[in-house]
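The file entry-v3.cif contains mmCIF, C-alpha atoms:
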data_data
loop_
_atom_site.group_PDB
_atom_site.id
_atom_site.type_symbol
_atom_site.label_atom_id
_atom_site.label_comp_id
_atom_site.auth_asym_id
_atom_site.auth_seq_id
_atom_site.Cartn_x
_atom_site.Cartn_y
_atom_site.Cartn_z
ATOM 1 C CA MET A 1 128.824 104.767 53.359
ATOM 2 C CA GLY A 2 131.328 107.586 52.849
ATOM 3 C CA PRO A 3 132.984 109.708 55.528
ATOM 4 C CA LEU A 4 130.891 112.285 57.343
ATOM 5 C CA PRO A 5 131.099 115.846 55.887
ATOM 6 C CA GLY A 6 133.590 117.968 57.759
ATOM 7 C CA VAL A 7 135.175 115.074 59.659
ATOM 8 C CA HIS A 8 137.044 113.371 56.777
ATOM 9 C CA TRP A 9 140.292 113.854 58.659
ATOM 10 C CA LEU A 10 139.120 111.667 61.574
ATOM 11 C CA THR A 11 140.039 108.015 61.870
ATOM 12 C CA PRO A 12 137.104 105.535 61.909
ATOM 13 C CA SER A 13 137.433 104.917 65.654
ATOM 14 C CA LEU A 14 137.617 108.640 66.409
ATOM 15 C CA SER A 15 134.618 109.286 64.171
ATOM 16 C CA ALA A 16 132.624 106.786 66.212
ATOM 17 C CA TRP A 17 133.486 108.644 69.418
ATOM 18 C CA VAL A 18 132.483 111.962 67.841
ATOM 19 C CA MET A 19 129.109 110.482 66.885
ATOM 20 C CA LEU A 20 128.631 109.213 70.444
ATOM 21 C CA LEU A 21 129.502 112.588 71.958
ATOM 22 C CA PRO A 22 125.942 114.064 71.925
ATOM 23 C CA ILE A 23 124.446 111.095 73.781
ATOM 24 C CA ALA A 24 127.378 111.105 76.229
ATOM 25 C CA VAL A 25 126.762 114.781 76.972
ATOM 26 C CA SER A 26 123.030 114.130 77.419
ATOM 27 C CA LEU A 27 123.619 111.235 79.806
ATOM 28 C CA GLY A 28 126.128 113.298 81.751
ATOM 29 C CA ALA A 29 123.628 116.129 82.087
ATOM 30 C CA VAL A 30 120.880 113.915 83.518
ATOM 31 C CA SER A 31 123.009 111.539 85.610
ATOM 32 C CA LEU A 32 126.521 112.786 86.340
ATOM 33 C CA TYR A 33 125.623 116.418 87.047
ATOM 34 C CA PRO A 34 122.980 115.626 89.731
ATOM 35 C CA ILE A 35 125.466 113.346 91.497
ATOM 36 C CA LEU A 36 128.214 115.965 91.501
ATOM 37 C CA ASN A 37 125.771 118.679 92.549
ATOM 38 C CA GLY A 38 124.548 116.487 95.415
ATOM 39 C CA VAL A 39 128.118 115.917 96.591
ATOM 40 C CA TRP A 40 128.747 119.669 96.481
ATOM 41 C CA LEU A 41 125.579 120.396 98.469
ATOM 42 C CA SER A 42 126.712 117.860 101.079
ATOM 43 C CA LEU A 43 129.737 120.106 101.725
ATOM 44 C CA THR A 44 127.528 123.114 102.515
ATOM 45 C CA ASN A 45 124.978 124.032 105.192
ATOM 46 C CA THR A 46 122.361 124.990 102.601
ATOM 47 C CA SER A 47 118.907 125.295 104.187
ATOM 48 C CA LEU A 48 115.715 127.053 103.170
ATOM 49 C CA ILE A 49 114.749 127.417 106.835
ATOM 50 C CA THR A 50 117.841 129.280 108.068
ATOM 51 C CA GLN A 51 118.641 130.766 104.636
ATOM 52 C CA GLU A 52 122.271 129.654 105.065
ATOM 53 C CA ASN A 53 124.398 128.599 102.110
ATOM 54 C CA ASP A 54 128.009 128.418 103.308
ATOM 55 C CA PHE A 55 130.763 125.920 102.576
ATOM 56 C CA VAL A 56 131.360 123.781 105.695
ATOM 57 C CA GLY A 57 133.595 121.055 104.290
ATOM 58 C CA LEU A 58 133.124 117.657 105.928
ATOM 59 C CA GLN A 59 131.161 118.987 108.900
ATOM 60 C CA ASN A 60 127.917 117.412 107.674
ATOM 61 C CA TYR A 61 129.623 114.009 107.559
ATOM 62 C CA VAL A 62 131.020 114.523 111.068
ATOM 63 C CA ASP A 63 127.500 115.323 112.285
ATOM 64 C CA LEU A 64 126.182 112.327 110.359
ATOM 65 C CA ALA A 65 128.613 109.987 112.119
ATOM 66 C CA ARG A 66 127.263 111.219 115.465
ATOM 67 C CA ASP A 67 123.601 111.103 114.449
ATOM 68 C CA PRO A 68 121.806 108.107 116.060
ATOM 69 C CA GLN A 69 118.801 108.638 113.775
ATOM 70 C CA PHE A 70 121.018 108.153 110.718
ATOM 71 C CA TRP A 71 122.581 104.962 112.074
ATOM 72 C CA ASN A 72 119.146 103.652 113.040
ATOM 73 C CA ALA A 73 117.952 104.140 109.450
ATOM 74 C CA TRP A 74 121.205 102.679 108.095
ATOM 75 C CA ARG A 75 120.786 99.484 110.160
ATOM 76 C CA HIS A 76 117.167 99.116 109.077
ATOM 77 C CA THR A 77 118.132 99.562 105.421
ATOM 78 C CA VAL A 78 120.947 96.999 105.604
ATOM 79 C CA TRP A 79 118.705 94.506 107.419
ATOM 80 C CA PHE A 80 115.879 94.972 104.925
ATOM 81 C CA THR A 81 118.297 94.570 102.003
ATOM 82 C CA PHE A 82 119.890 91.414 103.404
ATOM 83 C CA VAL A 83 116.693 89.592 104.402
ATOM 84 C CA SER A 84 114.624 90.534 101.348
ATOM 85 C CA THR A 85 117.414 89.751 98.871
ATOM 86 C CA LEU A 86 118.138 86.388 100.510
ATOM 87 C CA ALA A 87 114.464 85.394 100.649
ATOM 88 C CA GLU A 88 113.768 86.539 97.100
ATOM 89 C CA THR A 89 116.816 84.690 95.762
ATOM 90 C CA ILE A 90 115.822 81.406 97.426
ATOM 91 C CA LEU A 91 112.158 81.662 96.440
ATOM 92 C CA GLY A 92 113.034 82.938 92.957
ATOM 93 C CA LEU A 93 115.359 79.969 92.438
ATOM 94 C CA ALA A 94 112.611 77.568 93.509
ATOM 95 C CA MET A 95 110.169 79.204 91.077
ATOM 96 C CA ALA A 96 112.728 79.163 88.266
ATOM 97 C CA LEU A 97 113.481 75.470 88.823
ATOM 98 C CA LEU A 98 109.763 74.752 88.614
ATOM 99 C CA LEU A 99 109.125 76.855 85.516
ATOM 100 C CA VAL A 100 112.099 75.483 83.577
ATOM 101 C CA GLU A 101 110.446 72.053 83.577
ATOM 102 C CA ARG A 102 107.830 71.131 80.996
ATOM 103 C CA PHE A 103 104.251 70.746 82.245
ATOM 104 C CA PRO A 104 100.769 71.618 80.953
ATOM 105 C CA GLY A 105 99.962 75.295 81.323
ATOM 106 C CA ARG A 106 103.574 76.363 81.853
ATOM 107 C CA SER A 107 103.212 79.449 79.652
ATOM 108 C CA LEU A 108 100.144 80.577 81.594
ATOM 109 C CA VAL A 109 101.955 80.118 84.919
ATOM 110 C CA ARG A 110 104.948 82.092 83.634
ATOM 111 C CA ALA A 111 102.708 84.965 82.606
ATOM 112 C CA ALA A 112 100.779 84.929 85.905
ATOM 113 C CA MET A 113 104.063 84.909 87.827
ATOM 114 C CA LEU A 114 104.895 88.396 86.541
ATOM 115 C CA VAL A 115 101.672 90.013 87.794
ATOM 116 C CA PRO A 116 103.021 90.973 91.277
ATOM 117 C CA TRP A 117 106.172 92.442 89.763
ATOM 118 C CA ALA A 118 104.181 94.408 87.174
ATOM 119 C CA MET A 119 101.936 96.004 89.800
ATOM 120 C CA PRO A 120 102.919 99.546 90.877
ATOM 121 C CA THR A 121 104.600 99.559 94.276
ATOM 122 C CA VAL A 122 102.059 102.037 95.661
ATOM 123 C CA VAL A 123 99.252 99.607 94.776
ATOM 124 C CA THR A 124 101.154 96.774 96.447
ATOM 125 C CA SER A 125 101.667 98.915 99.555
ATOM 126 C CA LYS A 126 97.971 99.770 99.806
ATOM 127 C CA MET A 127 96.973 96.153 99.234
ATOM 128 C CA PHE A 128 99.240 94.862 101.988
ATOM 129 C CA GLY A 129 98.070 97.674 104.233
ATOM 130 C CA TRP A 130 94.542 96.286 103.916
ATOM 131 C CA LEU A 131 95.651 92.663 104.231
ATOM 132 C CA PHE A 132 97.633 93.368 107.411
ATOM 133 C CA ASP A 133 95.164 95.846 108.891
ATOM 134 C CA GLY A 134 95.194 95.523 112.673
ATOM 135 C CA GLN A 135 91.400 95.347 113.015
ATOM 136 C CA TYR A 136 89.847 94.154 109.758
ATOM 137 C CA GLY A 137 92.785 92.587 107.886
ATOM 138 C CA VAL A 138 92.489 89.210 106.182
ATOM 139 C CA ILE A 139 95.752 88.024 107.708
ATOM 140 C CA ASN A 140 94.488 88.430 111.269
ATOM 141 C CA TRP A 141 91.220 86.706 110.341
ATOM 142 C CA ALA A 142 93.059 83.757 108.766
ATOM 143 C CA LEU A 143 95.466 83.362 111.694
ATOM 144 C CA ARG A 144 92.591 83.507 114.197
ATOM 145 C CA SER A 145 90.663 80.928 112.174
ATOM 146 C CA LEU A 146 93.648 78.581 112.283
ATOM 147 C CA GLY A 147 94.073 79.139 116.007
ATOM 148 C CA LEU A 148 97.568 80.585 115.604
ATOM 149 C CA ILE A 149 96.686 83.838 117.379
ATOM 150 C CA SER A 150 94.050 84.614 120.004
ATOM 151 C CA GLU A 151 93.710 88.335 119.280
ATOM 152 C CA ASN A 152 94.437 90.707 116.423
ATOM 153 C CA VAL A 153 98.032 91.753 115.762
ATOM 154 C CA ASN A 154 98.787 95.356 114.856
ATOM 155 C CA TRP A 155 101.186 94.440 112.066
ATOM 156 C CA THR A 156 102.107 97.857 110.690
ATOM 157 C CA GLY A 157 101.625 99.728 113.959
ATOM 158 C CA SER A 158 103.899 97.713 116.250
ATOM 159 C CA VAL A 159 107.663 97.991 116.513
ATOM 160 C CA GLU A 160 108.037 94.192 116.556
ATOM 161 C CA HIS A 161 106.106 93.427 113.362
ATOM 162 C CA ALA A 162 106.260 96.497 111.112
ATOM 163 C CA MET A 163 109.573 95.696 109.381
ATOM 164 C CA THR A 164 108.549 92.052 108.927
ATOM 165 C CA THR A 165 105.361 93.197 107.199
ATOM 166 C CA ILE A 166 107.335 95.404 104.806
ATOM 167 C CA ILE A 167 109.744 92.568 103.998
ATOM 168 C CA ILE A 168 106.832 90.198 103.274
ATOM 169 C CA ALA A 169 105.281 92.758 100.922
ATOM 170 C CA ASP A 170 108.587 93.297 99.124
ATOM 171 C CA VAL A 171 109.249 89.550 98.796
ATOM 172 C CA TRP A 172 105.774 89.018 97.301
ATOM 173 C CA LYS A 173 106.291 91.794 94.762
ATOM 174 C CA THR A 174 109.907 91.269 93.703
ATOM 175 C CA THR A 175 110.431 87.490 93.843
ATOM 176 C CA PRO A 176 109.098 87.158 90.247
ATOM 177 C CA PHE A 177 111.888 89.473 89.083
ATOM 178 C CA MET A 178 114.501 87.171 90.600
ATOM 179 C CA ALA A 179 112.720 84.120 89.185
ATOM 180 C CA LEU A 180 112.769 85.667 85.713
ATOM 181 C CA LEU A 181 116.522 86.330 85.840
ATOM 182 C CA LEU A 182 117.321 82.881 87.205
ATOM 183 C CA LEU A 183 115.000 81.202 84.709
ATOM 184 C CA ALA A 184 116.938 82.869 81.913
ATOM 185 C CA GLY A 185 120.158 81.554 83.453
ATOM 186 C CA LEU A 186 118.787 78.017 83.766
ATOM 187 C CA GLN A 187 117.746 78.002 80.121
ATOM 188 C CA THR A 188 121.352 78.683 79.064
ATOM 189 C CA ILE A 189 122.557 75.467 80.718
ATOM 190 C CA PRO A 190 122.891 72.756 78.037
ATOM 191 C CA SER A 191 120.304 70.035 78.557
ATOM 192 C CA SER A 192 122.924 67.473 77.525
ATOM 193 C CA LEU A 193 124.733 68.022 80.837
ATOM 194 C CA THR A 194 121.698 67.257 82.990
ATOM 195 C CA GLU A 195 120.748 64.316 80.775
ATOM 196 C CA ALA A 196 124.267 62.897 81.070
ATOM 197 C CA ALA A 197 124.092 63.212 84.862
ATOM 198 C CA ARG A 198 120.768 61.385 84.948
ATOM 199 C CA MET A 199 122.126 58.639 82.713
ATOM 200 C CA ASP A 200 124.969 58.216 85.205
ATOM 201 C CA GLY A 201 122.386 57.600 87.914
ATOM 202 C CA ALA A 202 122.363 61.030 89.569
ATOM 203 C CA ARG A 203 119.031 61.936 91.138
ATOM 204 C CA TYR A 204 117.368 65.343 90.820
ATOM 205 C CA TRP A 205 118.912 66.930 93.909
ATOM 206 C CA ARG A 206 122.383 65.623 93.095
ATOM 207 C CA THR A 207 122.089 66.968 89.543
ATOM 208 C CA LEU A 208 120.897 70.290 90.919
ATOM 209 C CA TRP A 209 123.748 70.600 93.428
ATOM 210 C CA HIS A 210 126.619 69.411 91.236
ATOM 211 C CA VAL A 211 125.550 70.499 87.742
ATOM 212 C CA ARG A 212 122.951 73.252 87.689
ATOM 213 C CA LEU A 213 123.931 75.376 90.686
ATOM 214 C CA PRO A 214 127.663 75.609 89.817
ATOM 215 C CA LEU A 215 126.762 76.718 86.293
ATOM 216 C CA LEU A 216 124.159 79.126 87.674
ATOM 217 C CA ALA A 217 126.467 80.709 90.273
ATOM 218 C CA SER A 218 127.376 83.732 88.137
ATOM 219 C CA THR A 219 123.727 84.392 87.327
ATOM 220 C CA LEU A 220 122.823 84.099 91.015
ATOM 221 C CA LEU A 221 125.459 86.660 91.960
ATOM 222 C CA ILE A 222 124.453 89.116 89.226
ATOM 223 C CA ALA A 223 120.759 88.781 90.091
ATOM 224 C CA GLY A 224 121.602 89.238 93.778
ATOM 225 C CA LEU A 225 123.609 92.357 92.935
ATOM 226 C CA PHE A 226 120.730 93.911 90.987
ATOM 227 C CA ARG A 227 118.233 93.093 93.713
ATOM 228 C CA ALA A 228 120.443 94.245 96.612
ATOM 229 C CA LEU A 229 121.110 97.623 94.985
ATOM 230 C CA ASP A 230 117.409 98.073 94.290
ATOM 231 C CA ALA A 231 116.376 96.970 97.798
ATOM 232 C CA PHE A 232 118.822 99.380 99.423
ATOM 233 C CA ARG A 233 116.984 102.264 97.754
ATOM 234 C CA VAL A 234 113.565 101.178 99.046
ATOM 235 C CA PHE A 235 111.307 104.184 99.512
ATOM 236 C CA ASP A 236 107.750 103.995 98.210
ATOM 237 C CA LEU A 237 106.898 100.695 99.910
ATOM 238 C CA VAL A 238 108.006 102.016 103.314
ATOM 239 C CA TYR A 239 106.631 105.519 102.814
ATOM 240 C CA VAL A 240 103.135 104.358 101.870
ATOM 241 C CA LEU A 241 102.858 101.382 104.238
ATOM 242 C CA THR A 242 104.309 102.795 107.474
ATOM 243 C CA GLY A 243 105.862 106.193 106.718
ATOM 244 C CA GLY A 244 108.981 105.066 108.597
ATOM 245 C CA GLY A 245 107.090 104.383 111.825
ATOM 246 C CA PRO A 246 106.131 103.362 114.351
ATOM 247 C CA ALA A 247 108.797 105.043 116.490
ATOM 248 C CA ASP A 248 111.200 105.023 113.498
ATOM 249 C CA ALA A 249 111.121 101.198 113.516
ATOM 250 C CA THR A 250 110.965 101.064 109.713
ATOM 251 C CA GLU A 251 112.858 104.259 108.888
ATOM 252 C CA THR A 252 115.249 103.716 105.987
ATOM 253 C CA LEU A 253 117.924 105.923 104.488
ATOM 254 C CA SER A 254 115.657 106.866 101.587
ATOM 255 C CA THR A 255 112.739 107.937 103.775
ATOM 256 C CA LEU A 256 115.015 109.754 106.238
ATOM 257 C CA SER A 257 116.799 111.596 103.412
ATOM 258 C CA TYR A 258 113.457 112.546 101.896
ATOM 259 C CA LYS A 259 112.201 113.965 105.206
ATOM 260 C CA THR A 260 115.441 115.859 105.787
ATOM 261 C CA LEU A 261 115.501 117.299 102.276
ATOM 262 C CA PHE A 262 111.853 118.068 101.596
ATOM 263 C CA SER A 263 110.264 118.378 105.042
ATOM 264 C CA ALA A 264 113.068 119.920 107.109
ATOM 265 C CA LEU A 265 114.457 121.627 103.953
ATOM 266 C CA GLN A 266 118.037 120.953 105.069
ATOM 267 C CA PHE A 267 119.557 120.474 101.643
ATOM 268 C CA GLY A 268 123.156 120.276 102.834
ATOM 269 C CA TYR A 269 122.618 117.688 105.565
ATOM 270 C CA GLY A 270 120.112 115.729 103.453
ATOM 271 C CA SER A 271 122.582 115.607 100.571
ATOM 272 C CA ALA A 272 125.207 114.226 102.966
ATOM 273 C CA MET A 273 122.759 111.432 103.879
ATOM 274 C CA ALA A 274 122.115 110.697 100.207
ATOM 275 C CA THR A 275 125.861 110.637 99.500
ATOM 276 C CA ALA A 276 126.453 108.257 102.412
ATOM 277 C CA MET A 277 123.723 106.053 100.987
ATOM 278 C CA PHE A 278 125.396 106.147 97.573
ATOM 279 C CA LEU A 279 128.756 105.172 99.088
ATOM 280 C CA THR A 280 127.175 102.232 100.915
ATOM 281 C CA GLU A 281 125.637 101.028 97.666
ATOM 282 C CA ALA A 282 129.036 101.362 96.003
ATOM 283 C CA LEU A 283 130.525 99.094 98.689
ATOM 284 C CA ILE A 284 127.737 96.557 98.139
ATOM 285 C CA ALA A 285 128.399 96.623 94.383
ATOM 286 C CA LEU A 286 132.139 96.258 95.004
ATOM 287 C CA GLY A 287 131.595 93.228 97.247
ATOM 288 C CA PHE A 288 129.378 91.498 94.705
ATOM 289 C CA GLY A 289 131.768 92.477 91.919
ATOM 290 C CA VAL A 290 134.689 90.741 93.625
ATOM 291 C CA PHE A 291 132.728 87.498 93.947
ATOM 292 C CA ILE A 292 131.468 87.726 90.359
ATOM 293 C CA LEU A 293 134.967 88.271 88.943
ATOM 294 C CA ARG A 294 136.344 85.376 90.971
ATOM 295 C CA LYS A 295 133.580 83.122 89.726
ATOM 296 C CA LEU A 296 134.039 84.145 86.103
ATOM 297 C CA ARG A 297 137.799 83.585 86.314
ATOM 298 C CA SER A 298 137.332 80.127 87.808
#
Rewrite the coordinates I just gave you, this time as structure tokens.
Amino acid sequence: MGPLPGVHWLTPSLSAWVMLLPIAVSLGAVSLYPILNGVWLSLTNTSLITQENDFVGLQNYVDLARDPQFWNAWRHTVWFTFVSTLAETILGLAMALLLVERFPGRSLVRAAMLVPWAMPTVVTSKMFGWLFDGQYGVINWALRSLGLISENVNWTGSVEHAMTTIIIADVWKTTPFMALLLLAGLQTIPSSLTEAARMDGARYWRTLWHVRLPLLASTLLIAGLFRALDAFRVFDLVYVLTGGGPADATETLSTLSYKTLFSALQFGYGSAMATAMFLTEALIALGFGVFILRKLRS
């Protein structure tokens, strides 16, 4: 293929960059510009209620640091991210270890495993809202039948149980995603290594601990990174299931930012919340990145 018309003076590498320029501009327009515009709004007191639109510098961040509602949502978001990611990683690893083995009907089980993940989150939220209904939910009926509770529990309406209910719903929906990633990692491990360990007399758990898990460590960290970043942005599950209640017991940074931006119409302060959320996610990514680089180097 000959040189492009009008760019014959470009080197091959420079020509490649010129050809990539339109897509780079398009991606910048739909991703980079909204981020920069959000950061700029966070430095203003823009509000549709007061009709103000003045530059205030870091004042929104100063107010954010003193806002107990923000820190309450931040703690809930971090707790949700930590517990759900840990539970989904452990359960996903167990599912992956099961599905990597050969047994009759394995393909059918693998396909069925993806059903919860493929369901829209709003559908999952509604389904768990019915399951954990305080009066007519199946969960209360099952627990009463087993004698574990004597009266119905208001799962989504009590401060003690609402966040636990959301975490259970998220674990049910997203564990297949973790299992899929870890299954792909397990399938890259040469079978000759596990067979050699078994020939040396190593049992299943010893082979798992000393052969499979060390080789799967990088995959575990990358899968955990993807899941943690996604969990930190949780919105629809919380918004549909509890709306951030009761008494802000399940309020997360996403739901609080949404209410500030689109209910209170405080674009400046809401953008500061969103920026703080972005910075926290950047720190999470940085932490995982350090561990991943160390593991890859070793």
(message) Can you tell me which residues surround range 270-279 of chain A at a distance of at most 9 Å, considering only C-alpha atoms, apart from same-chain residues fewer than 3 positions away, and format the answer as a count of residues only?
(response) 30
(message) For a cutoff of 8 Å around the file-coordinate point (114.8, 99.7, 102.0), which residues qualify once you count only C-alpha atoms? I'd like the result as number ranges by chain.
(response) A: 76-78, 80-81, 231-235, 238, 252-254
(message) If the PyMOL selection byres ((chain A and resi 189) around 12) were run on this exact file, what residues would it hold? Put them as a count of residues only.
(response) 23
(message) Calculated over all atoms listed in the file, which of the candidates A:Val171, A:Leu21, A:Val138, A:Ala118 has the smallest distance to Leu237 in chain A?
(response)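 Using all atoms listed in the file, the shortest distance to Leu237 in chain A belongs to A:Val171.
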(request) For CA of Pro246 in chain A and CA of Asn152 in chain A, determine how far apart the two atoms are, in Å to one decimal place. (result)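 If I compute the distance from CA of Pro246 in chain A to CA of Asn152 in chain A, I get 17.4 Å.
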Take the PyMOL selection byres ((chain A and resi 116) around 10), apply it to the structure above, and return the hits as a PDB file with C-alpha atoms, in the coordinates of the input.
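File produced: expr-v3.pdb:
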ATOM      1  CA  ALA A 112     100.779  84.929  85.905  1.00  0.00           C
ATOM      2  CA  MET A 113     104.063  84.909  87.827  1.00  0.00           C
ATOM      3  CA  LEU A 114     104.895  88.396  86.541  1.00  0.00           C
ATOM      4  CA  VAL A 115     101.672  90.013  87.794  1.00  0.00           C
ATOM      5  CA  TRP A 117     106.172  92.442  89.763  1.00  0.00           C
ATOM      6  CA  ALA A 118     104.181  94.408  87.174  1.00  0.00           C
ATOM      7  CA  MET A 119     101.936  96.004  89.800  1.00  0.00           C
ATOM      8  CA  PRO A 120     102.919  99.546  90.877  1.00  0.00           C
ATOM      9  CA  THR A 121     104.600  99.559  94.276  1.00  0.00           C
ATOM     10  CA  THR A 124     101.154  96.774  96.447  1.00  0.00           C
ATOM     11  CA  ASP A 170     108.587  93.297  99.124  1.00  0.00           C
ATOM     12  CA  VAL A 171     109.249  89.550  98.796  1.00  0.00           C
ATOM     13  CA  TRP A 172     105.774  89.018  97.301  1.00  0.00           C
ATOM     14  CA  LYS A 173     106.291  91.794  94.762  1.00  0.00           C
ATOM     15  CA  THR A 174     109.907  91.269  93.703  1.00  0.00           C
ATOM     16  CA  THR A 175     110.431  87.490  93.843  1.00  0.00           C
ATOM     17  CA  PRO A 176     109.098  87.158  90.247  1.00  0.00           C
ATOM     18  CA  PHE A 177     111.888  89.473  89.083  1.00  0.00           C
TER      19      PHE A 177
END
(message) I'd like the interatomic distance between CA of Thr255 in chain A and CA of Phe288 in chain A, to a tenth of an Å.
(response)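 About the pair CA of Thr255 in chain A and CA of Phe288 in chain A: they are 25.1 Å apart.
The interatomic distance for the pair CA of Leu293 in chain A and CA of Gly224 in chain A works out to 14.2 Å.
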(request) Tell me, as a ChimeraX atom specification, which residues lie within 9 Å of Thr89 in chain A, counting only C-alpha atoms; anything in the same chain fewer than 3 positions away does not count. (result) /A:84-86,92-94,175,178-179,182,220,223-224,227
(request) Would you list the residues near (94.5, 97.9, 109.7) (no more than 10 Å away, in the coordinates of the file, using only C-alpha atoms) as a list of chain:residue names? (result)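 Protein, DNA and RNA residues close to (94.5, 97.9, 109.7): A:Phe128, A:Gly129, A:Trp130, A:Leu131, A:Phe132, A:Asp133, A:Gly134, A:Gln135, A:Tyr136, A:Gly137, A:Val138, A:Asn140, A:Asn152, A:Val153, A:Asn154, A:Trp155, A:Thr156, A:Gly157.
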Could you dump the residues just selected with C-alpha atoms as a PDB file, in the frame of the given file?
ATOM      1  CA  PHE A 128      99.240  94.862 101.988  1.00  0.00           C
ATOM      2  CA  GLY A 129      98.070  97.674 104.233  1.00  0.00           C
ATOM      3  CA  TRP A 130      94.542  96.286 103.916  1.00  0.00           C
ATOM      4  CA  LEU A 131      95.651  92.663 104.231  1.00  0.00           C
ATOM      5  CA  PHE A 132      97.633  93.368 107.411  1.00  0.00           C
ATOM      6  CA  ASP A 133      95.164  95.846 108.891  1.00  0.00           C
ATOM      7  CA  GLY A 134      95.194  95.523 112.673  1.00  0.00           C
ATOM      8  CA  GLN A 135      91.400  95.347 113.015  1.00  0.00           C
ATOM      9  CA  TYR A 136      89.847  94.154 109.758  1.00  0.00           C
ATOM     10  CA  GLY A 137      92.785  92.587 107.886  1.00  0.00           C
ATOM     11  CA  VAL A 138      92.489  89.210 106.182  1.00  0.00           C
ATOM     12  CA  ASN A 140      94.488  88.430 111.269  1.00  0.00           C
ATOM     13  CA  ASN A 152      94.437  90.707 116.423  1.00  0.00           C
ATOM     14  CA  VAL A 153      98.032  91.753 115.762  1.00  0.00           C
ATOM     15  CA  ASN A 154      98.787  95.356 114.856  1.00  0.00           C
ATOM     16  CA  TRP A 155     101.186  94.440 112.066  1.00  0.00           C
ATOM     17  CA  THR A 156     102.107  97.857 110.690  1.00  0.00           C
ATOM     18  CA  GLY A 157     101.625  99.728 113.959  1.00  0.00           C
TER      19      GLY A 157
END
(request) Rank nothing, just name the residue among A:Asp200, A:Leu32, A:Ser107, A:Ala249 nearest to Trp79 in chain A, using only C-alpha atoms. (result)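 For Trp79 in chain A, the nearest of the candidates is A:Ala249.
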(request) Find, counting all atoms listed in the file, the residue in A:Ser218, A:Ser15, A:Ser145, A:Ser31 that gets nearest to Ile292 in chain A. (result) A:Ser218
